[in-house]
>>> print(open('protein09.tsv').read())   # TSV, N, CA and C atoms
chain	number	residue	atom	x	y	z
R	1	MET	N	0.84	-1.17	0.00
R	1	MET	CA	0.00	0.00	0.00
R	1	MET	C	0.89	1.24	0.00
R	2	SER	N	0.66	2.15	-0.93
R	2	SER	CA	1.44	3.37	-1.00
R	2	SER	C	0.70	4.52	-0.31
R	3	ILE	N	1.47	5.37	0.28
R	3	ILE	CA	0.90	6.53	0.96
R	3	ILE	C	1.21	7.75	0.12
R	4	SER	N	0.17	8.46	-0.28
R	4	SER	CA	0.39	9.65	-1.10
R	4	SER	C	0.32	10.89	-0.20
R	5	PRO	N	1.18	11.85	-0.48
R	5	PRO	CA	1.16	13.07	0.33
R	5	PRO	C	-0.10	13.88	0.07
R	6	GLY	N	-0.49	14.68	1.03
R	6	GLY	CA	-1.68	15.51	0.90
R	6	GLY	C	-1.51	16.61	-0.14
R	7	ARG	N	-0.35	17.22	-0.16
R	7	ARG	CA	-0.09	18.28	-1.13
R	7	ARG	C	1.36	18.19	-1.58
R	8	MET	N	1.56	18.20	-2.88
R	8	MET	CA	2.92	18.16	-3.41
R	8	MET	C	3.37	19.58	-3.68
R	9	ASN	N	4.53	19.95	-3.20
R	9	ASN	CA	5.09	21.26	-3.47
R	9	ASN	C	5.74	21.26	-4.84
R	10	ARG	N	5.42	22.26	-5.62
R	10	ARG	CA	6.05	22.41	-6.91
R	10	ARG	C	7.20	23.39	-6.77
R	11	SER	N	8.27	23.12	-7.46
R	11	SER	CA	9.48	23.90	-7.25
R	11	SER	C	9.46	25.27	-7.93
R	12	TYR	N	8.90	25.38	-9.12
R	12	TYR	CA	9.00	26.64	-9.86
R	12	TYR	C	7.66	27.33	-10.03
R	13	SER	N	6.61	26.59	-10.28
R	13	SER	CA	5.33	27.21	-10.60
R	13	SER	C	4.72	27.94	-9.41
R	14	ASP	N	5.09	27.58	-8.17
R	14	ASP	CA	4.58	28.31	-7.01
R	14	ASP	C	5.10	29.74	-6.96
R	15	LYS	N	6.19	30.01	-7.66
R	15	LYS	CA	6.77	31.35	-7.66
R	15	LYS	C	5.95	32.32	-8.51
R	16	PHE	N	5.01	31.82	-9.30
R	16	PHE	CA	4.19	32.71	-10.10
R	16	PHE	C	3.08	33.36	-9.27
R	17	VAL	N	2.87	32.89	-8.07
R	17	VAL	CA	1.88	33.51	-7.20
R	17	VAL	C	2.43	34.87	-6.76
R	18	SER	N	1.61	35.88	-6.83
R	18	SER	CA	2.06	37.24	-6.53
R	18	SER	C	2.60	37.34	-5.11
R	19	GLY	N	3.78	37.92	-4.99
R	19	GLY	CA	4.38	38.16	-3.68
R	19	GLY	C	5.20	37.02	-3.12
R	20	THR	N	5.38	35.93	-3.86
R	20	THR	CA	6.13	34.79	-3.34
R	20	THR	C	7.56	34.74	-3.87
R	21	SER	N	7.93	35.68	-4.69
R	21	SER	CA	9.27	35.67	-5.27
R	21	SER	C	9.90	37.05	-5.11
R	22	ASP	N	11.23	37.07	-5.03
R	22	ASP	CA	11.95	38.33	-4.95
R	22	ASP	C	12.02	39.02	-6.31
R	23	TYR	N	11.81	38.29	-7.38
R	23	TYR	CA	11.91	38.80	-8.73
R	23	TYR	C	10.53	38.90	-9.36
R	24	ASP	N	10.36	39.85	-10.25
R	24	ASP	CA	9.11	39.97	-11.00
R	24	ASP	C	9.21	39.04	-12.21
R	25	LEU	N	8.61	37.86	-12.09
R	25	LEU	CA	8.75	36.85	-13.14
R	25	LEU	C	7.90	37.18	-14.36
R	26	PHE	N	6.94	38.11	-14.24
R	26	PHE	CA	6.08	38.44	-15.36
R	26	PHE	C	6.66	39.57	-16.21
R	27	LYS	N	7.69	40.24	-15.74
R	27	LYS	CA	8.27	41.35	-16.49
R	27	LYS	C	9.20	40.80	-17.56
R	28	ASN	N	8.93	41.13	-18.79
R	28	ASN	CA	9.73	40.68	-19.91
R	28	ASN	C	10.47	41.89	-20.47
R	29	LYS	N	11.78	41.92	-20.31
R	29	LYS	CA	12.57	43.07	-20.75
R	29	LYS	C	12.50	43.29	-22.26
R	30	ASN	N	12.25	42.22	-23.01
R	30	ASN	CA	12.24	42.34	-24.47
R	30	ASN	C	11.03	43.10	-25.00
R	31	VAL	N	9.95	43.16	-24.23
R	31	VAL	CA	8.77	43.91	-24.67
R	31	VAL	C	8.42	45.04	-23.71
R	32	ASP	N	9.15	45.20	-22.63
R	32	ASP	CA	8.85	46.22	-21.64
R	32	ASP	C	9.07	47.64	-22.18
R	33	TRP	N	9.96	47.79	-23.15
R	33	TRP	CA	10.24	49.11	-23.71
R	33	TRP	C	9.05	49.68	-24.46
R	34	VAL	N	8.08	48.85	-24.84
R	34	VAL	CA	6.93	49.31	-25.61
R	34	VAL	C	5.90	49.99	-24.71
R	35	SER	N	6.08	49.95	-23.40
R	35	SER	CA	5.07	50.48	-22.49
R	35	SER	C	5.11	52.00	-22.35
R	36	GLY	N	6.01	52.68	-23.04
R	36	GLY	CA	6.07	54.14	-22.99
R	36	GLY	C	4.83	54.77	-23.60
R	37	PRO	N	4.54	56.04	-23.27
R	37	PRO	CA	3.30	56.65	-23.73
R	37	PRO	C	3.20	56.84	-25.24
R	38	PHE	N	4.29	57.21	-25.91
R	38	PHE	CA	4.24	57.46	-27.34
R	38	PHE	C	5.08	56.46	-28.13
R	39	THR	N	5.53	55.41	-27.49
R	39	THR	CA	6.42	54.46	-28.14
R	39	THR	C	5.75	53.75	-29.30
R	40	LYS	N	4.52	53.30	-29.11
R	40	LYS	CA	3.83	52.56	-30.17
R	40	LYS	C	3.59	53.44	-31.39
R	41	ILE	N	3.22	54.70	-31.15
R	41	ILE	CA	2.99	55.61	-32.27
R	41	ILE	C	4.29	55.87	-33.02
R	42	CYS	N	5.37	56.11	-32.29
R	42	CYS	CA	6.67	56.36	-32.92
R	42	CYS	C	7.18	55.11	-33.65
R	43	TYR	N	6.91	53.93	-33.08
R	43	TYR	CA	7.33	52.67	-33.69
R	43	TYR	C	6.65	52.48	-35.05
R	44	VAL	N	5.35	52.67	-35.10
R	44	VAL	CA	4.61	52.52	-36.35
R	44	VAL	C	5.02	53.61	-37.33
R	45	ALA	N	5.19	54.84	-36.84
R	45	ALA	CA	5.61	55.94	-37.71
R	45	ALA	C	6.98	55.67	-38.32
R	46	PHE	N	7.89	55.15	-37.52
R	46	PHE	CA	9.23	54.85	-38.04
R	46	PHE	C	9.17	53.78	-39.13
R	47	ILE	N	8.35	52.75	-38.94
R	47	ILE	CA	8.21	51.71	-39.96
R	47	ILE	C	7.61	52.29	-41.24
R	48	LEU	N	6.60	53.15	-41.10
R	48	LEU	CA	5.99	53.76	-42.28
R	48	LEU	C	6.96	54.70	-42.99
R	49	ILE	N	7.77	55.42	-42.23
R	49	ILE	CA	8.76	56.32	-42.83
R	49	ILE	C	9.80	55.51	-43.61
R	50	VAL	N	10.27	54.41	-43.03
R	50	VAL	CA	11.25	53.57	-43.74
R	50	VAL	C	10.65	53.01	-45.02
R	51	CYS	N	9.42	52.53	-44.93
R	51	CYS	CA	8.76	51.99	-46.13
R	51	CYS	C	8.56	53.09	-47.17
R	52	GLY	N	8.18	54.29	-46.73
R	52	GLY	CA	8.01	55.41	-47.65
R	52	GLY	C	9.30	55.81	-48.33
R	53	LEU	N	10.40	55.84	-47.58
R	53	LEU	CA	11.69	56.19	-48.16
R	53	LEU	C	12.14	55.15	-49.19
R	54	ILE	N	11.87	53.89	-48.90
R	54	ILE	CA	12.22	52.83	-49.85
R	54	ILE	C	11.37	52.98	-51.11
R	55	HIS	N	10.09	53.33	-50.93
R	55	HIS	CA	9.19	53.49	-52.08
R	55	HIS	C	9.57	54.72	-52.91
R	56	ILE	N	9.95	55.80	-52.24
R	56	ILE	CA	10.34	57.02	-52.96
R	56	ILE	C	11.61	56.80	-53.78
R	57	SER	N	12.47	55.91	-53.30
R	57	SER	CA	13.73	55.66	-54.02
R	57	SER	C	13.50	55.02	-55.39
R	58	THR	N	12.33	54.50	-55.63
R	58	THR	CA	11.91	53.84	-56.89
R	58	THR	C	12.78	52.64	-57.26
R	59	TRP	N	13.48	52.08	-56.28
R	59	TRP	CA	14.24	50.85	-56.54
R	59	TRP	C	13.33	49.63	-56.53
R	60	PHE	N	12.22	49.72	-55.79
R	60	PHE	CA	11.32	48.58	-55.62
R	60	PHE	C	9.89	49.00	-55.91
R	61	SER	N	9.06	48.02	-56.25
R	61	SER	CA	7.63	48.29	-56.42
R	61	SER	C	6.99	48.44	-55.04
R	62	ALA	N	5.72	48.85	-55.01
R	62	ALA	CA	5.03	49.06	-53.73
R	62	ALA	C	4.97	47.76	-52.91
R	63	GLU	N	4.73	46.64	-53.58
R	63	GLU	CA	4.65	45.36	-52.87
R	63	GLU	C	6.02	44.96	-52.31
R	64	ASP	N	7.05	45.20	-53.11
R	64	ASP	CA	8.40	44.85	-52.67
R	64	ASP	C	8.90	45.76	-51.55
R	65	CYS	N	8.37	46.99	-51.49
R	65	CYS	CA	8.77	47.90	-50.40
R	65	CYS	C	8.38	47.33	-49.04
R	66	TRP	N	7.19	46.73	-48.95
R	66	TRP	CA	6.78	46.13	-47.68
R	66	TRP	C	7.65	44.92	-47.35
R	67	THR	N	8.04	44.16	-48.36
R	67	THR	CA	8.91	43.02	-48.12
R	67	THR	C	10.29	43.47	-47.63
R	68	VAL	N	10.84	44.48	-48.28
R	68	VAL	CA	12.15	44.99	-47.88
R	68	VAL	C	12.06	45.59	-46.47
R	69	THR	N	10.98	46.31	-46.18
R	69	THR	CA	10.78	46.87	-44.84
R	69	THR	C	10.69	45.76	-43.80
R	70	ASN	N	10.00	44.68	-44.12
R	70	ASN	CA	9.89	43.55	-43.21
R	70	ASN	C	11.24	42.90	-42.96
R	71	VAL	N	12.04	42.75	-44.01
R	71	VAL	CA	13.38	42.17	-43.87
R	71	VAL	C	14.27	43.07	-43.01
R	72	ILE	N	14.22	44.39	-43.25
R	72	ILE	CA	15.00	45.33	-42.44
R	72	ILE	C	14.55	45.26	-40.99
R	73	HIS	N	13.23	45.19	-40.77
R	73	HIS	CA	12.69	45.10	-39.42
R	73	HIS	C	13.18	43.83	-38.71
R	74	GLY	N	13.22	42.72	-39.44
R	74	GLY	CA	13.71	41.47	-38.86
R	74	GLY	C	15.18	41.52	-38.52
R	75	VAL	N	15.98	42.06	-39.42
R	75	VAL	CA	17.42	42.15	-39.18
R	75	VAL	C	17.72	43.07	-38.00
R	76	VAL	N	17.07	44.23	-37.95
R	76	VAL	CA	17.27	45.16	-36.83
R	76	VAL	C	16.80	44.51	-35.53
R	77	GLY	N	15.70	43.79	-35.57
R	77	GLY	CA	15.21	43.11	-34.38
R	77	GLY	C	16.18	42.06	-33.86
R	78	ILE	N	16.78	41.31	-34.77
R	78	ILE	CA	17.76	40.30	-34.36
R	78	ILE	C	19.03	40.95	-33.82
R	79	LEU	N	19.45	42.05	-34.42
R	79	LEU	CA	20.66	42.71	-33.97
R	79	LEU	C	20.51	43.34	-32.59
R	80	PHE	N	19.33	43.89	-32.29
R	80	PHE	CA	19.15	44.58	-31.03
R	80	PHE	C	18.55	43.73	-29.91
R	81	SER	N	18.01	42.56	-30.22
R	81	SER	CA	17.42	41.71	-29.19
R	81	SER	C	18.39	41.28	-28.10
R	82	PRO	N	19.59	40.81	-28.42
R	82	PRO	CA	20.49	40.39	-27.35
R	82	PRO	C	20.91	41.54	-26.43
R	83	GLN	N	20.88	42.76	-26.91
R	83	GLN	CA	21.29	43.88	-26.09
R	83	GLN	C	20.22	44.30	-25.10
R	84	VAL	N	18.96	43.93	-25.35
R	84	VAL	CA	17.88	44.25	-24.42
R	84	VAL	C	17.90	43.30	-23.25
R	85	SER	N	18.15	42.03	-23.51
R	85	SER	CA	18.13	41.04	-22.42
R	85	SER	C	19.48	40.99	-21.80
>>> encode(input="protein09.tsv", output="structure tokens")
Amino acid sequence: MSISPGRMNRSYSDKFVSGTSDYDLFKNKNVDWVSGPFTKICYVAFILIVCGLIHISTWFSAEDCWTVTNVIHGVVGILFSPQVS
């Protein structure tokens, strides 16, 4: 006959309860910078400005401008991600 304990303590998931950890486990540094008051507006404006500049250069068609903007956005995101964390 086996005896089972009344309550099993979990090692990590109990720390998600508010006030049980010294660290804020819900704070994500990689997205915390977006919480500024005008950050989202400036972020979208910057993407639109980059796409507009690429389109004005007449090197690419309108459809290709969004693709090039997406590629630039991905490369910049990869380059700056390790520096945030």
>>> residues_around(input="protein09.tsv", residues="range 51-57 of chain R", least_positions_apart="6", cutoff="8 Å", atoms="all atoms listed in the file", output="list of chain:residue names")
R:Ala45, R:Asp64, R:Cys65, R:Trp66, R:Val68, R:Thr69, R:Asn70
>>> atom_distance(input="protein09.tsv", atom1="CA of Val50 in chain R", atom2="atom N of Pro37 in chain R")
21.7 Å
>>> atom_distance(input="protein09.tsv", atom1="CA of Ser61 in chain R", atom2="CA of Cys42 in chain R")
24.9 Å
>>> axis_aligned_box(input="protein09.tsv", around="range 32-50 of chain R", padding_each_side="6 Å", output="lines of an AutoDock Vina configuration file")
center_x = 7.1
center_y = 51.3
center_z = -33.3
size_x = 20.3
size_y = 24.3
size_z = 35.4
>>> atom_distance(input="protein09.tsv", atom1="CA of His73 in chain R", atom2="CA of Ile49 in chain R")
12.4 Å
